[in-house]
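Remarks on the structure that follows.
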Amino acid sequence: MTLDSPRREALVMAVFAVVILTMPLWMAPFGASYPDLLQKFAIYGIFAIGFNILFGLTGYLSFGHAAFLGVGSYAAMWSFKALSANVLPAVLGGVLISGLFAALIGYVCLRRSGIYFSILTLALAQMSYNMAYSVLTPITNGETGLKLTQTDARVFDQLAGVVPEAGLPSTSLFGLEMTGYPGFYFCAVALIGAFFVALRIFNSPFGLKLRAIKSNQTRLLYTGFNPKPHLWVAFILSGMYAGLAGALLVVTDPLAGAERMQWTASGEVVLMTILGGAGTLVGPLLGAGLIKYFENIFSSFNAQTLHDAFSFLPDFLENTLVFLISPFVGHGWHLTLGVLFMLVVIFLPGGLMEGIRRLTRLVKARRDRNSDPEGAAVVPPSSVEG
Amino acid sequence: MGDILLHVKDVHKSFGGLKALTNINLAIEQGTTHAIIGPNGAGKSTLLNTVIGRLVPDSGSVMFGGRSLTGLKPFEINQVGVVRVFQTPEIFPDLTLLQNVMIPALAKKEGSFRFNAFASLFKDTDVRDQALAMLEDLGLAEQKDREAAHLSRGDKRRLEMAMGLVQRPRLLLLDEPTAGMARHDTNRTIDLLQEVKKTGLTKVIIEHDMHVVFSLADRITVLAQGTIICEGTPDEVRGNPKVQEAYLGGAHL
């Protein structure tokens, strides 16, 4: 490593910020440059980064993280309804409340490890989901979900003398409405902040201890560390990330329903993390982007799109190709994603990040061989992603 | 007589009907190397496990520097200064050698829990330097950025030794430190342990290899069927007919 770490961190952050903030530009060729989808990229990116702090570093696989996403959404909605249409208290509240909720759930689930831990998180999350649908209806508004209304109290706004406009109220950052591109940039800034915190955790003694838990927990116990509180804090942190993501979901689209707490949503973040590369900093973000891209863009391709794409071919070839490919696009996007996921898990157990790592190593080896005809190219084992 | 560092008093331990340890009394003096030997199944590992907190004795107590270890958790026992080196190397396989040694150094510095998610590991230069120096001492410095999983078995043992020594323990428990090693590596380990001995570190060694035991030990305790049949200096033990009969059979010497 030629750069010393603080400088390397600053460099990574600078590159990351530029890449995220220019997303509207470089996403355009992929047909993904519209604010609703960009917001989703950023929000689910945060969710996956946080999930990775628990799963990627400690190896504890939670199957219930959507519960924290949902709690973050509900908390933020209540902040909008009861306190203010300003997004800052909503985001703060969402993070704090889901952090508290994660502290409770984590305390219970971390009594066990391995598959038992996963089952416990799954069970508690499903319980939360069902409760949100039934007995907690006064808080969650059950099946309909929480919505903003003209008659909400919004104590702070009233105190500040804000006169509600006609029509449905909207969320704002000191007057700037959080829809469209402003909404995306707000989420993007949150993502950059979330990424920075994750980067610091990865490079901290705490992060090293979390990795040690994944590597050999028994050994850590005999090394003088108590793994339990470390795991608990990691669990709470990742719950707070999920809460942030949940709050941002209602910041950009003020409607909170229980379905986002369902186990399929928990499974999705697991897929994102594994697809991108668990334990790497950027991997979960890639995974989240890819899955959201498939869900929103790939799923809109239909037979007509394919006919257009292959129209340069002779008719019978065009028809055959369309016939072969069409099950994989449109409604069949899950099929493509499934195949992709299988390929990644089988051939690149480290996720897409491992693919990228292998490619760079290959390129580097080839370059070294070219510059050094003796062929003494020794590829140093790459250090941990950071 | 120096001070007694580790005092095992009247320890009994049984598993179901099997009496693994009966009436064990041991006093380990500060600064000495104490070997525990005995045939397979004599209870050596059980005894070690009661000291490090993996097993809780049925009765009796384990005192360390005037403090009871009975009922303490393994990490608490480590924090008072008792470090164990395992029989099969226990390391962090996915981490680099440097990270492997930094973790115990951090444990020594931080205690059993500290939330330092925003501190930079790279700025923790004292921990880093300690770990590097220890790797240097054990001849592993060149491999510091390798993943520990790729080490040879002998190197893994040395890595584990580095992980133990970097904590500057008050008592080092070694469970068959040369098991499965070639003669060459065994001799290197003996040299290393003799080096460590000069620092005045108290050690308890469980060992099968008599060459190792007699090269290192100041005192030897012989266990057979869960009881102590003899304790004394190497010469005394060597000459004891009970030991000859129970274990050594003469041929090993």
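Each chain in the structure tokens gets a letter, A, B and so on, in the order shown; residues start at 1 in every chain, and ligands are counted from 1 in the order they appear.
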inquiry  = Just want the 7 Å neighbourhood of region 12-28 of chain A, counted on only C-alpha atoms, with same-chain residues fewer than 3 positions away dropped. Output as a ChimeraX atom specification.
reply    = /A:8-9,31-33,188,192,196
Those same residues - all heavy atoms - I'd like them written as a PDB file, in the first residue's frame.
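The result, written out as out_0.pdb:
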ATOM      1  N   ARG A   8      -5.701   7.538   2.133  1.00  0.00           N
ATOM      2  CA  ARG A   8      -6.414   6.571   1.310  1.00  0.00           C
ATOM      3  C   ARG A   8      -7.914   6.677   1.563  1.00  0.00           C
ATOM      4  O   ARG A   8      -8.711   6.679   0.640  1.00  0.00           O
ATOM      5  CB  ARG A   8      -5.916   5.168   1.645  1.00  0.00           C
ATOM      6  CG  ARG A   8      -6.447   4.126   0.716  1.00  0.00           C
ATOM      7  CD  ARG A   8      -5.610   2.859   0.792  1.00  0.00           C
ATOM      8  NE  ARG A   8      -6.205   1.850  -0.071  1.00  0.00           N
ATOM      9  CZ  ARG A   8      -6.933   0.845   0.397  1.00  0.00           C
ATOM     10  NH1 ARG A   8      -7.124   0.711   1.689  1.00  0.00           N
ATOM     11  NH2 ARG A   8      -7.456  -0.030  -0.425  1.00  0.00           N
ATOM     12  N   GLU A   9      -8.270   6.826   2.847  1.00  0.00           N
ATOM     13  CA  GLU A   9      -9.682   6.985   3.204  1.00  0.00           C
ATOM     14  C   GLU A   9     -10.270   8.207   2.510  1.00  0.00           C
ATOM     15  O   GLU A   9     -11.360   8.142   1.930  1.00  0.00           O
ATOM     16  CB  GLU A   9      -9.832   7.143   4.725  1.00  0.00           C
ATOM     17  CG  GLU A   9     -10.150   5.852   5.428  1.00  0.00           C
ATOM     18  CD  GLU A   9     -10.263   6.024   6.942  1.00  0.00           C
ATOM     19  OE1 GLU A   9     -10.467   7.152   7.424  1.00  0.00           O
ATOM     20  OE2 GLU A   9     -10.135   5.009   7.633  1.00  0.00           O
ATOM     21  N   GLY A  31     -30.599   3.678 -19.041  1.00  0.00           N
ATOM     22  CA  GLY A  31     -32.039   3.936 -18.956  1.00  0.00           C
ATOM     23  C   GLY A  31     -32.537   4.000 -17.535  1.00  0.00           C
ATOM     24  O   GLY A  31     -33.714   3.812 -17.266  1.00  0.00           O
ATOM     25  N   ALA A  32     -31.616   4.244 -16.600  1.00  0.00           N
ATOM     26  CA  ALA A  32     -32.009   4.212 -15.193  1.00  0.00           C
ATOM     27  C   ALA A  32     -31.916   5.590 -14.557  1.00  0.00           C
ATOM     28  O   ALA A  32     -31.910   5.709 -13.350  1.00  0.00           O
ATOM     29  CB  ALA A  32     -31.137   3.242 -14.434  1.00  0.00           C
ATOM     30  N   SER A  33     -31.831   6.624 -15.403  1.00  0.00           N
ATOM     31  CA  SER A  33     -31.582   7.938 -14.830  1.00  0.00           C
ATOM     32  C   SER A  33     -32.869   8.712 -14.600  1.00  0.00           C
ATOM     33  O   SER A  33     -33.093   9.744 -15.204  1.00  0.00           O
ATOM     34  CB  SER A  33     -30.652   8.724 -15.761  1.00  0.00           C
ATOM     35  OG  SER A  33     -30.397   9.979 -15.206  1.00  0.00           O
ATOM     36  N   ALA A 188     -28.681  10.643  -1.522  1.00  0.00           N
ATOM     37  CA  ALA A 188     -27.287  10.443  -1.915  1.00  0.00           C
ATOM     38  C   ALA A 188     -26.343  10.935  -0.828  1.00  0.00           C
ATOM     39  O   ALA A 188     -25.354  10.274  -0.501  1.00  0.00           O
ATOM     40  CB  ALA A 188     -27.010  11.167  -3.230  1.00  0.00           C
ATOM     41  N   ILE A 192     -23.687   8.752   1.226  1.00  0.00           N
ATOM     42  CA  ILE A 192     -22.262   9.072   1.357  1.00  0.00           C
ATOM     43  C   ILE A 192     -21.864   9.063   2.838  1.00  0.00           C
ATOM     44  O   ILE A 192     -20.832   8.508   3.214  1.00  0.00           O
ATOM     45  CB  ILE A 192     -21.946  10.419   0.676  1.00  0.00           C
ATOM     46  CG1 ILE A 192     -22.119  10.272  -0.845  1.00  0.00           C
ATOM     47  CG2 ILE A 192     -20.527  10.873   0.987  1.00  0.00           C
ATOM     48  CD1 ILE A 192     -22.135  11.580  -1.595  1.00  0.00           C
ATOM     49  N   PHE A 196     -19.315   6.482   4.629  1.00  0.00           N
ATOM     50  CA  PHE A 196     -18.157   6.954   5.384  1.00  0.00           C
ATOM     51  C   PHE A 196     -18.089   6.263   6.752  1.00  0.00           C
ATOM     52  O   PHE A 196     -17.025   5.778   7.166  1.00  0.00           O
ATOM     53  CB  PHE A 196     -18.227   8.472   5.558  1.00  0.00           C
ATOM     54  CG  PHE A 196     -17.111   9.021   6.397  1.00  0.00           C
ATOM     55  CD1 PHE A 196     -15.801   8.963   5.951  1.00  0.00           C
ATOM     56  CD2 PHE A 196     -17.363   9.579   7.645  1.00  0.00           C
ATOM     57  CE1 PHE A 196     -14.759   9.454   6.727  1.00  0.00           C
ATOM     58  CE2 PHE A 196     -16.335  10.064   8.425  1.00  0.00           C
ATOM     59  CZ  PHE A 196     -15.024  10.003   7.966  1.00  0.00           C
TER      60      PHE A 196
END
query = Residues of chain B within 8 Å of chain A, using only C-alpha atoms, as an MDAnalysis selection string?
reply = chainID B and resid 74:79 83:84 90:95 99 103:104 106:108 111:122 145:146
Close residues, region 167-175 of chain A itself excluded, 12 Å, only C-alpha atoms, min 4 positions apart in chain, as a PyMOL selection string = chain A and resi 76-77+79-81+83-91+147-154+157+160+162-163+179-180+182-183+185-187+247-255
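The coordinates place CA of Met272 (chain A) at 20.0 Å from CA of Arg358 (chain A).
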request  = Would you please extract all strand (DSSP E) residues from region 69-135 of chain B, as assigned by DSSP on the backbone, and give them as JSON, numbers by chain?
outcome  = {"B": [82, 83, 84, 85]}
Export N, CA, C and O atoms of the chosen residues as a PDB file, in the first residue's frame?
ATOM      1  N   VAL B  82      -3.843 -15.066  32.268  1.00  0.00           N
ATOM      2  CA  VAL B  82      -3.593 -16.477  31.973  1.00  0.00           C
ATOM      3  C   VAL B  82      -3.868 -16.703  30.490  1.00  0.00           C
ATOM      4  O   VAL B  82      -4.972 -16.479  30.019  1.00  0.00           O
ATOM      5  N   VAL B  83      -2.847 -17.130  29.766  1.00  0.00           N
ATOM      6  CA  VAL B  83      -2.990 -17.312  28.331  1.00  0.00           C
ATOM      7  C   VAL B  83      -2.752 -18.765  27.969  1.00  0.00           C
ATOM      8  O   VAL B  83      -1.831 -19.394  28.477  1.00  0.00           O
ATOM      9  N   ARG B  84      -3.611 -19.278  27.111  1.00  0.00           N
ATOM     10  CA  ARG B  84      -3.476 -20.669  26.717  1.00  0.00           C
ATOM     11  C   ARG B  84      -3.065 -20.775  25.254  1.00  0.00           C
ATOM     12  O   ARG B  84      -3.589 -20.074  24.398  1.00  0.00           O
ATOM     13  N   VAL B  85      -2.134 -21.664  24.982  1.00  0.00           N
ATOM     14  CA  VAL B  85      -1.789 -22.002  23.603  1.00  0.00           C
ATOM     15  C   VAL B  85      -2.342 -23.392  23.335  1.00  0.00           C
ATOM     16  O   VAL B  85      -2.057 -24.329  24.073  1.00  0.00           O
TER      17      VAL B  85
END
request  = Please indicate the distance in Å from CA of Ala303 (chain A) to CA of Pro327 (chain A), rounded to one decimal place.
outcome  =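 These two atoms are separated by 9.3 Å.
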message = as a VMD selection string, please: every residue in region 109-314 of chain A that DSSP puts in helix (DSSP H, G or I).
response = chain A and resid 109 114 to 133 137 to 140 155 to 159 180 to 202 205 to 221 227 to 252 258 to 261 263 to 276 283 to 296 298 to 300 303 to 309
request  = Would you mind reading off the distance between CA of Gln262 (chain A) and CA of Gly246 (chain A), one decimal, in Å?
outcome  =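 These two atoms are separated by 13.2 Å.
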request  = Find the residues around region 215-232 of chain B up to 10 Å (only C-alpha atoms counted), leave out those fewer than 5 positions away in its own chain, and share them as a VMD selection string.
outcome  = chain B and resid 12 to 14 18 to 26 28 to 29 31 to 44 46 to 47 187 190 to 191 193 to 194 197 203 to 206 210 237 to 238 240 to 243 246 to 247
key: Contacts of Leu352 (chain A) at 9 Å (only C-alpha atoms; same-chain gap of 4+ positions) as a PyMOL selection string   = chain A and resi 274-277+283+286-287+344+348+356-357
Let's have the selection written as a JSON list (two decimals), in the first residue's frame, with N, CA, C and O atoms.
[["chain", "number", "residue", "atom", "x", "y", "z"],
["A", 274, "ILE", "N", -24.93, -10.81, -0.70],
["A", 274, "ILE", "CA", -24.16, -11.95, -1.19],
["A", 274, "ILE", "C", -23.81, -11.76, -2.66],
["A", 274, "ILE", "O", -22.69, -12.05, -3.09],
["A", 275, "LEU", "N", -24.76, -11.24, -3.43],
["A", 275, "LEU", "CA", -24.53, -11.02, -4.85],
["A", 275, "LEU", "C", -23.35, -10.06, -5.06],
["A", 275, "LEU", "O", -22.47, -10.29, -5.88],
["A", 276, "GLY", "N", -23.32, -9.00, -4.28],
["A", 276, "GLY", "CA", -22.27, -8.00, -4.45],
["A", 276, "GLY", "C", -20.96, -8.44, -3.82],
["A", 276, "GLY", "O", -19.88, -8.16, -4.34],
["A", 277, "GLY", "N", -21.04, -9.15, -2.71],
["A", 277, "GLY", "CA", -19.83, -9.60, -2.01],
["A", 277, "GLY", "C", -19.89, -9.24, -0.54],
["A", 277, "GLY", "O", -19.60, -8.11, -0.16],
["A", 283, "GLY", "N", -19.32, -4.01, -2.27],
["A", 283, "GLY", "CA", -20.11, -5.11, -2.81],
["A", 283, "GLY", "C", -21.60, -4.98, -2.57],
["A", 283, "GLY", "O", -22.39, -5.04, -3.52],
["A", 286, "LEU", "N", -23.24, -2.59, -4.84],
["A", 286, "LEU", "CA", -23.37, -3.11, -6.20],
["A", 286, "LEU", "C", -24.56, -4.05, -6.28],
["A", 286, "LEU", "O", -25.38, -3.97, -7.21],
["A", 287, "GLY", "N", -24.65, -4.94, -5.29],
["A", 287, "GLY", "CA", -25.74, -5.92, -5.28],
["A", 287, "GLY", "C", -27.09, -5.22, -5.22],
["A", 287, "GLY", "O", -28.01, -5.56, -5.97],
["A", 344, "VAL", "N", -23.22, -16.62, -9.68],
["A", 344, "VAL", "CA", -22.30, -15.91, -8.78],
["A", 344, "VAL", "C", -21.92, -16.78, -7.60],
["A", 344, "VAL", "O", -20.75, -16.93, -7.26],
["A", 348, "LEU", "N", -18.33, -17.47, -8.21],
["A", 348, "LEU", "CA", -17.68, -16.35, -7.51],
["A", 348, "LEU", "C", -18.23, -16.27, -6.09],
["A", 348, "LEU", "O", -19.01, -15.37, -5.77],
["A", 356, "ILE", "N", -14.44, -8.76, -9.74],
["A", 356, "ILE", "CA", -13.65, -7.57, -10.05],
["A", 356, "ILE", "C", -12.21, -7.76, -9.60],
["A", 356, "ILE", "O", -11.26, -7.44, -10.32],
["A", 357, "ARG", "N", -12.05, -8.36, -8.41],
["A", 357, "ARG", "CA", -10.71, -8.58, -7.88],
["A", 357, "ARG", "C", -9.91, -9.51, -8.80],
["A", 357, "ARG", "O", -8.75, -9.26, -9.11]]
